[in-house]
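Visitor: I'm passing along input_33.cif; it holds mmCIF, C-alpha atoms.
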```cif
data_query
loop_
_atom_site.group_PDB
_atom_site.id
_atom_site.type_symbol
_atom_site.label_atom_id
_atom_site.label_comp_id
_atom_site.auth_asym_id
_atom_site.auth_seq_id
_atom_site.Cartn_x
_atom_site.Cartn_y
_atom_site.Cartn_z
ATOM 1 C CA MET A 649 -4.003 9.104 6.488
ATOM 2 C CA ASN A 650 -2.863 11.814 4.133
ATOM 3 C CA LEU A 651 -4.270 14.269 1.607
ATOM 4 C CA ALA A 652 -4.127 13.955 -2.172
ATOM 5 C CA ARG A 653 -5.748 15.509 -5.217
ATOM 6 C CA VAL A 654 -7.274 13.203 -7.830
ATOM 7 C CA ILE A 655 -5.666 13.916 -11.201
ATOM 8 C CA GLY A 656 -6.663 11.052 -13.474
ATOM 9 C CA ASN A 657 -8.191 7.664 -14.197
ATOM 10 C CA VAL A 658 -6.523 4.332 -14.829
ATOM 11 C CA TRP A 659 -8.071 1.418 -16.724
ATOM 12 C CA ALA A 660 -6.797 -2.136 -16.497
ATOM 13 C CA THR A 661 -8.610 -5.190 -17.858
ATOM 14 C CA ARG A 662 -6.200 -7.803 -16.617
ATOM 15 C CA LYS A 663 -5.868 -7.423 -12.902
ATOM 16 C CA TYR A 664 -5.847 -9.401 -9.716
ATOM 17 C CA PRO A 665 -9.392 -10.852 -9.195
ATOM 18 C CA THR A 666 -10.162 -8.933 -5.986
ATOM 19 C CA LEU A 667 -9.504 -5.677 -7.865
ATOM 20 C CA GLU A 668 -12.385 -6.422 -10.288
ATOM 21 C CA GLY A 669 -15.015 -3.689 -10.187
ATOM 22 C CA ARG A 670 -12.817 -1.326 -8.173
ATOM 23 C CA ARG A 671 -12.173 2.152 -9.521
ATOM 24 C CA MET A 672 -8.532 3.112 -9.778
ATOM 25 C CA LEU A 673 -7.550 6.777 -9.708
ATOM 26 C CA PHE A 674 -4.306 8.634 -10.162
ATOM 27 C CA ALA A 675 -3.754 11.044 -7.273
ATOM 28 C CA GLN A 676 -1.088 13.562 -6.365
ATOM 29 C CA PRO A 677 -0.255 13.524 -2.621
ATOM 30 C CA LEU A 678 -0.502 16.944 -0.932
ATOM 31 C CA THR A 679 0.838 18.529 2.229
ATOM 32 C CA PHE A 680 -1.731 19.742 4.736
ATOM 33 C CA ALA A 681 -1.104 23.223 3.344
ATOM 34 C CA GLY A 682 -2.221 21.996 -0.080
ATOM 35 C CA ALA A 683 1.180 21.866 -1.827
ATOM 36 C CA GLU A 684 2.183 18.893 -3.966
ATOM 37 C CA ALA A 685 4.293 16.342 -2.093
ATOM 38 C CA GLY A 686 6.081 13.549 -3.895
ATOM 39 C CA ALA A 687 5.105 11.528 -6.946
ATOM 40 C CA PRO A 688 1.533 10.633 -7.990
ATOM 41 C CA LEU A 689 0.157 7.241 -6.934
ATOM 42 C CA VAL A 690 -2.608 4.973 -8.118
ATOM 43 C CA MET A 691 -5.257 4.509 -5.440
ATOM 44 C CA LEU A 692 -8.382 2.408 -5.129
ATOM 45 C CA ASP A 693 -11.531 4.452 -4.595
ATOM 46 C CA THR A 694 -14.271 3.649 -2.062
ATOM 47 C CA VAL A 695 -16.136 6.992 -2.137
ATOM 48 C CA ASP A 696 -16.709 7.837 -5.831
ATOM 49 C CA ALA A 697 -14.135 10.608 -5.962
ATOM 50 C CA GLY A 698 -13.637 12.467 -9.256
ATOM 51 C CA ILE A 699 -10.854 14.342 -10.996
ATOM 52 C CA GLY A 700 -10.043 17.541 -9.069
ATOM 53 C CA ASP A 701 -11.336 16.287 -5.715
ATOM 54 C CA VAL A 702 -9.097 16.540 -2.669
ATOM 55 C CA VAL A 703 -9.299 13.252 -0.801
ATOM 56 C CA ILE A 704 -7.962 11.503 2.263
ATOM 57 C CA TYR A 705 -6.272 8.180 1.657
ATOM 58 C CA VAL A 706 -4.821 5.382 3.746
ATOM 59 C CA SER A 707 -1.546 3.810 2.716
ATOM 60 C CA SER A 708 0.457 0.688 3.516
ATOM 61 C CA THR A 709 -1.309 -2.567 4.568
ATOM 62 C CA GLU A 710 -4.145 -0.583 6.085
ATOM 63 C CA ALA A 711 -5.167 0.335 2.531
ATOM 64 C CA ALA A 712 -6.550 -3.206 2.231
ATOM 65 C CA VAL A 713 -8.657 -2.927 5.395
ATOM 66 C CA PRO A 714 -11.804 -1.459 3.732
ATOM 67 C CA PHE A 715 -12.037 -4.545 1.529
ATOM 68 C CA ARG A 716 -11.811 -7.202 4.226
ATOM 69 C CA PRO A 717 -12.319 -10.138 4.357
ATOM 70 C CA ASN A 718 -11.044 -10.138 0.757
ATOM 71 C CA LEU A 719 -7.301 -10.022 0.253
ATOM 72 C CA THR A 720 -6.801 -6.918 -1.879
ATOM 73 C CA PRO A 721 -3.331 -5.990 -3.094
ATOM 74 C CA THR A 722 -3.491 -2.217 -2.711
ATOM 75 C CA ASP A 723 -1.066 0.079 -0.908
ATOM 76 C CA ALA A 724 -3.216 3.215 -1.181
ATOM 77 C CA THR A 725 -7.004 3.585 -0.850
ATOM 78 C CA ILE A 726 -9.165 6.718 -0.957
ATOM 79 C CA VAL A 727 -11.523 6.775 2.024
ATOM 80 C CA GLY A 728 -12.967 10.309 2.031
ATOM 81 C CA ILE A 729 -13.548 13.485 0.045
ATOM 82 C CA VAL A 730 -12.319 16.678 1.717
ATOM 83 C CA GLU A 731 -14.217 19.980 1.648
ATOM 84 C CA ARG A 732 -12.128 22.113 3.933
ATOM 85 C CA VAL A 733 -8.846 21.987 5.827
ATOM 86 C CA ASP A 734 -8.000 23.986 8.945
ATOM 87 C CA HIS A 735 -4.271 23.767 9.472
ATOM 88 C CA LEU A 736 -1.964 25.843 11.691
ATOM 89 C CA GLY A 737 -4.431 28.694 11.887
ATOM 90 C CA THR A 738 -5.113 28.807 8.160
ATOM 91 C CA THR A 739 -8.180 27.493 6.385
ATOM 92 C CA TRP A 740 -8.413 26.416 2.787
ATOM 93 C CA ARG A 741 -11.269 25.005 0.790
ATOM 94 C CA THR A 742 -10.576 22.303 -1.686
ATOM 95 C CA THR A 743 -12.003 23.979 -4.779
ATOM 96 C CA PRO A 744 -11.316 27.546 -5.971
ATOM 97 C CA GLU A 745 -15.072 28.183 -6.435
ATOM 98 C CA ASP A 746 -15.667 27.380 -2.774
ATOM 99 C CA ASP A 747 -12.931 29.856 -1.822
ATOM 100 C CA GLU A 748 -14.701 32.613 -3.748
ATOM 101 C CA ALA A 749 -18.063 31.680 -2.267
ATOM 102 C CA ALA A 750 -16.537 31.854 1.203
ATOM 103 C CA GLY A 751 -15.197 35.339 0.402
ATOM 104 C CA MET B 1258 -0.003 1.429 -6.219
ATOM 105 C CA THR B 1259 2.760 2.596 -8.461
ATOM 106 C CA LEU B 1260 2.982 2.779 -12.224
ATOM 107 C CA GLY B 1261 5.858 0.806 -13.708
ATOM 108 C CA LYS B 1262 7.135 -0.890 -16.836
ATOM 109 C CA VAL B 1263 8.194 -4.528 -16.896
ATOM 110 C CA VAL B 1264 11.776 -4.403 -18.182
ATOM 111 C CA GLY B 1265 13.016 -7.900 -17.473
ATOM 112 C CA THR B 1266 12.662 -11.242 -15.738
ATOM 113 C CA VAL B 1267 14.685 -12.793 -12.928
ATOM 114 C CA TRP B 1268 15.445 -16.503 -12.687
ATOM 115 C CA ALA B 1269 16.700 -17.925 -9.409
ATOM 116 C CA THR B 1270 17.032 -21.638 -8.813
ATOM 117 C CA ARG B 1271 18.138 -21.511 -5.205
ATOM 118 C CA LYS B 1272 15.584 -19.473 -3.321
ATOM 119 C CA ASP B 1273 13.335 -19.591 -0.302
ATOM 120 C CA GLU B 1274 10.983 -22.565 -0.666
ATOM 121 C CA GLN B 1275 7.997 -20.259 -0.345
ATOM 122 C CA LEU B 1276 9.009 -18.482 -3.562
ATOM 123 C CA ILE B 1277 8.981 -21.631 -5.694
ATOM 124 C CA GLY B 1278 6.675 -21.260 -8.705
ATOM 125 C CA MET B 1279 6.523 -17.476 -8.580
ATOM 126 C CA LYS B 1280 7.402 -15.438 -11.647
ATOM 127 C CA LEU B 1281 9.777 -12.629 -10.730
ATOM 128 C CA GLN B 1282 9.714 -9.559 -12.961
ATOM 129 C CA ILE B 1283 11.955 -6.506 -12.898
ATOM 130 C CA VAL B 1284 9.701 -3.456 -12.815
ATOM 131 C CA GLN B 1285 11.080 0.017 -13.394
ATOM 132 C CA GLN B 1286 9.041 2.890 -12.047
ATOM 133 C CA VAL B 1287 7.710 5.335 -14.676
ATOM 134 C CA ASP B 1288 6.683 8.969 -14.561
ATOM 135 C CA LEU B 1289 3.263 10.328 -15.547
ATOM 136 C CA ASP B 1290 4.540 10.694 -19.134
ATOM 137 C CA LEU B 1291 5.791 7.081 -18.936
ATOM 138 C CA THR B 1292 9.476 8.009 -18.997
ATOM 139 C CA LEU B 1293 11.524 5.557 -16.961
ATOM 140 C CA LYS B 1294 12.653 6.675 -13.508
ATOM 141 C CA ASP B 1295 15.758 5.460 -11.710
ATOM 142 C CA SER B 1296 14.073 3.192 -9.186
ATOM 143 C CA PHE B 1297 13.154 -0.411 -9.884
ATOM 144 C CA VAL B 1298 11.975 -3.439 -7.927
ATOM 145 C CA VAL B 1299 11.767 -7.165 -8.402
ATOM 146 C CA ALA B 1300 8.051 -7.958 -8.154
ATOM 147 C CA VAL B 1301 6.076 -11.198 -8.050
ATOM 148 C CA ASP B 1302 3.698 -11.335 -11.003
ATOM 149 C CA SER B 1303 0.078 -12.216 -10.092
ATOM 150 C CA VAL B 1304 -1.484 -11.338 -13.467
ATOM 151 C CA GLY B 1305 0.813 -12.703 -16.195
ATOM 152 C CA ALA B 1306 2.457 -9.450 -17.306
ATOM 153 C CA GLY B 1307 5.060 -9.546 -20.074
ATOM 154 C CA VAL B 1308 8.200 -7.546 -20.712
ATOM 155 C CA GLY B 1309 7.363 -4.089 -22.106
ATOM 156 C CA GLU B 1310 3.943 -3.815 -20.475
ATOM 157 C CA ILE B 1311 2.887 -0.914 -18.258
ATOM 158 C CA VAL B 1312 1.683 -2.314 -14.950
ATOM 159 C CA LEU B 1313 0.561 -1.338 -11.472
ATOM 160 C CA TYR B 1314 2.408 -2.809 -8.538
ATOM 161 C CA ALA B 1315 1.835 -2.695 -4.799
ATOM 162 C CA THR B 1316 4.747 -2.607 -2.372
ATOM 163 C CA GLY B 1317 5.406 -3.275 1.289
ATOM 164 C CA SER B 1318 3.155 -5.487 3.376
ATOM 165 C CA SER B 1319 0.322 -4.789 0.905
ATOM 166 C CA ALA B 1320 2.193 -7.030 -1.526
ATOM 167 C CA ARG B 1321 1.198 -9.983 0.637
ATOM 168 C CA GLN B 1322 -2.533 -9.317 0.111
ATOM 169 C CA THR B 1323 -2.936 -11.914 -2.648
ATOM 170 C CA GLU B 1324 -3.518 -15.647 -2.288
ATOM 171 C CA LEU B 1325 -0.261 -16.188 -4.177
ATOM 172 C CA THR B 1326 1.877 -14.091 -1.824
ATOM 173 C CA ARG B 1327 0.021 -14.404 1.493
ATOM 174 C CA ASN B 1328 2.518 -14.837 4.350
ATOM 175 C CA LYS B 1329 5.360 -15.212 1.834
ATOM 176 C CA PRO B 1330 8.646 -13.277 1.873
ATOM 177 C CA VAL B 1331 7.468 -10.832 -0.817
ATOM 178 C CA ASP B 1332 7.429 -7.028 -0.783
ATOM 179 C CA ALA B 1333 6.293 -6.159 -4.308
ATOM 180 C CA VAL B 1334 3.532 -7.646 -6.439
ATOM 181 C CA ILE B 1335 2.253 -6.770 -9.913
ATOM 182 C CA THR B 1336 -1.517 -6.369 -9.539
ATOM 183 C CA ALA B 1337 -2.785 -5.059 -12.899
ATOM 184 C CA ILE B 1338 -1.818 -4.470 -16.513
ATOM 185 C CA VAL B 1339 -2.675 -0.907 -17.552
ATOM 186 C CA ASP B 1340 -4.819 -0.479 -20.706
ATOM 187 C CA LYS B 1341 -5.386 3.230 -20.574
ATOM 188 C CA LEU B 1342 -4.510 6.284 -18.517
ATOM 189 C CA ASP B 1343 -6.379 9.546 -18.486
ATOM 190 C CA VAL B 1344 -4.626 12.399 -16.727
ATOM 191 C CA PRO B 1345 -5.885 15.759 -18.068
ATOM 192 C CA GLY B 1346 -2.996 18.013 -19.041
ATOM 193 C CA THR B 1347 -0.627 15.118 -19.685
ATOM 194 C CA PRO B 1348 -0.662 14.334 -23.413
ATOM 195 C CA ALA B 1349 -0.234 11.108 -25.327
ATOM 196 C CA LEU B 1350 -0.470 8.686 -22.417
ATOM 197 C CA THR B 1351 -2.834 6.283 -24.146
ATOM 198 C CA GLU B 1352 -0.671 6.023 -27.240
ATOM 199 C CA ALA B 1353 2.378 5.311 -25.126
ATOM 200 C CA VAL B 1354 0.619 2.538 -23.209
ATOM 201 C CA GLU B 1355 -0.512 0.942 -26.456
ATOM 202 C CA ALA B 1356 2.883 1.265 -28.112
#
```
Represent the structure of the file as structure tokens.
Guide:
Amino acid sequence: MNLARVIGNVWATRKYPTLEGRRMLFAQPLTFAGAEAGAPLVMLDTVDAGIGDVVIYVSSTEAAVPFRPNLTPTDATIVGIVERVDHLGTTWRTTPEDDEAAG
Amino acid sequence: MTLGKVVGTVWATRKDEQLIGMKLQIVQQVDLDLTLKDSFVVAVDSVGAGVGEIVLYATGSSARQTELTRNKPVDAVITAIVDKLDVPGTPALTEAVEA
């Protein structure tokens, strides 16, 4: 699993049937220090994430696991919303407001 | 899934038997502002996308997660045709998709 920040929405009417009713979000992958890493991806959402949220996502075939037994052609799926990251002795919160609140 | 633009079609008469009947489209990856990037793939089309359309495609073993491509020698599949994109701070996406 990796971190990403949700940056946008995608709408598609014609899509593979098992994608019906699934939210699709544009997300920018992040390093565990919070820096942008690589190009944005479209991910399926299982947790009602919104624009600006930092999320954890699974990639590769495992991205289809949350939707079993349906066959779902996704290679990235959001499975959690992140509040805080402790990494190599540093801590960061996922929204600037939280950082201020934490002092 | 990755955002791409269908830029062409591939015909192949001699191919693995498991690929018979599949429509093979050339999909070029696009940036957030829909400019074409260098990378492209040949993807099996599961939704009936046409040349010029902006699509989403899944790659790797995830491409075999459709009834059409299950257990077939496929590593890219077009899964959706994009109607609209909304990425705050990136202008004119919708117009470009519609164009």
Visitor: Using the chain letters and residue numbers of this document, give as a list in words the residues selected by the PyMOL selection byres ((chain B and resi 1334) around 9).
Guide: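 Output of the PyMOL selection byres ((chain B and resi 1334) around 9): Pro721 of chain A; Val1299, Ala1300, Val1301, Asp1302, Ser1303, Leu1313, Tyr1314, Ala1315, Thr1316, Ser1319, Ala1320, Arg1321, Thr1323, Thr1326, Val1331, Asp1332, Ala1333, Ile1335 and Thr1336 of chain B.
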Visitor: Please, which residues of chain B lie no more than 6 Å from chain A when the count uses only C-alpha atoms, and can they be set out as an mmCIF file with C-alpha atoms, keeping the file's coordinate frame?
Guide:
```
data_model
loop_
_atom_site.group_PDB
_atom_site.id
_atom_site.type_symbol
_atom_site.label_atom_id
_atom_site.label_comp_id
_atom_site.auth_asym_id
_atom_site.auth_seq_id
_atom_site.Cartn_x
_atom_site.Cartn_y
_atom_site.Cartn_z
ATOM 1 C CA MET B 1258 -0.003 1.429 -6.219
ATOM 2 C CA THR B 1259 2.760 2.596 -8.461
ATOM 3 C CA VAL B 1304 -1.484 -11.338 -13.467
ATOM 4 C CA ALA B 1315 1.835 -2.695 -4.799
ATOM 5 C CA SER B 1318 3.155 -5.487 3.376
ATOM 6 C CA SER B 1319 0.322 -4.789 0.905
ATOM 7 C CA ALA B 1320 2.193 -7.030 -1.526
ATOM 8 C CA GLN B 1322 -2.533 -9.317 0.111
ATOM 9 C CA THR B 1323 -2.936 -11.914 -2.648
ATOM 10 C CA THR B 1336 -1.517 -6.369 -9.539
ATOM 11 C CA ALA B 1337 -2.785 -5.059 -12.899
ATOM 12 C CA ILE B 1338 -1.818 -4.470 -16.513
ATOM 13 C CA VAL B 1339 -2.675 -0.907 -17.552
ATOM 14 C CA ASP B 1340 -4.819 -0.479 -20.706
ATOM 15 C CA LYS B 1341 -5.386 3.230 -20.574
ATOM 16 C CA LEU B 1342 -4.510 6.284 -18.517
ATOM 17 C CA ASP B 1343 -6.379 9.546 -18.486
ATOM 18 C CA VAL B 1344 -4.626 12.399 -16.727
#
```
Visitor: Using CA of Glu684 in chain A and CA of Pro1345 in chain B as the two end points, give the distance in Å to one decimal.
Guide: 16.5 Å
Visitor: Step by step: start from the point (13.0, -15.1, -12.3) in the file's coordinates, keep every protein, DNA or RNA residue that has an atom no farther than 6 Å from it, count only C-alpha atoms, and write the set as a count of residues only.
Guide: 6
Visitor: Quick one: which residues end up in the PyMOL selection byres ((chain B and resi 1291) around 9) for this structure, as a PyMOL selection string?
Guide: chain B and resi 1260-1262+1286-1290+1292-1294+1311+1350+1353-1354
Visitor: Could you save those same residues with C-alpha atoms as a PDB file, keeping the file's coordinate frame?
Guide:
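The file below, again_25.pdb, is the result:
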```pdb
ATOM      1  CA  LEU B1260       2.982   2.779 -12.224  1.00  0.00           C
ATOM      2  CA  GLY B1261       5.858   0.806 -13.708  1.00  0.00           C
ATOM      3  CA  LYS B1262       7.135  -0.890 -16.836  1.00  0.00           C
ATOM      4  CA  GLN B1286       9.041   2.890 -12.047  1.00  0.00           C
ATOM      5  CA  VAL B1287       7.710   5.335 -14.676  1.00  0.00           C
ATOM      6  CA  ASP B1288       6.683   8.969 -14.561  1.00  0.00           C
ATOM      7  CA  LEU B1289       3.263  10.328 -15.547  1.00  0.00           C
ATOM      8  CA  ASP B1290       4.540  10.694 -19.134  1.00  0.00           C
ATOM      9  CA  THR B1292       9.476   8.009 -18.997  1.00  0.00           C
ATOM     10  CA  LEU B1293      11.524   5.557 -16.961  1.00  0.00           C
ATOM     11  CA  LYS B1294      12.653   6.675 -13.508  1.00  0.00           C
ATOM     12  CA  ILE B1311       2.887  -0.914 -18.258  1.00  0.00           C
ATOM     13  CA  LEU B1350      -0.470   8.686 -22.417  1.00  0.00           C
ATOM     14  CA  ALA B1353       2.378   5.311 -25.126  1.00  0.00           C
ATOM     15  CA  VAL B1354       0.619   2.538 -23.209  1.00  0.00           C
TER      16      VAL B1354
END
```
Visitor: So the first atom is CA of Gly698 in chain A and the second is CA of His735 in chain A; what is the distance between them in Å, to one decimal place?
Guide: 23.8 Å
Visitor: Excluding Gly728 in chain A and any residue of its chain fewer than 3 positions from it, enumerate the residues within 9 Å of it, using all atoms listed in the file, and give them as a list of chain:residue names.
Guide: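 Near Gly728 in chain A, the qualifying residues are A:Asp693, A:Thr694, A:Val695, A:Ala697, A:Val702, A:Val703, A:Ile704, A:Tyr705.
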Visitor: Counting all atoms listed in the file, which of A:Glu668, A:Asn650, A:Asp701, A:Pro714 gets nearest to Ala681 in chain A?
Guide: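 Ranked by minimum distance to Ala681 in chain A, first place goes to A:Asn650.
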Visitor: What is the CA of Met649 in chain A to CA of Phe680 in chain A distance in Å?
Guide: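 According to the coordinates, CA of Met649 in chain A and CA of Phe680 in chain A are separated by 11.0 Å.
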Visitor: Which one is closest to Ala652 in chain A: A:Gly686, A:Gly669, A:Arg716, A:Trp740? Count all atoms listed in the file.
Guide: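 With all atoms listed in the file as the atom set, the closest residue is A:Gly686.
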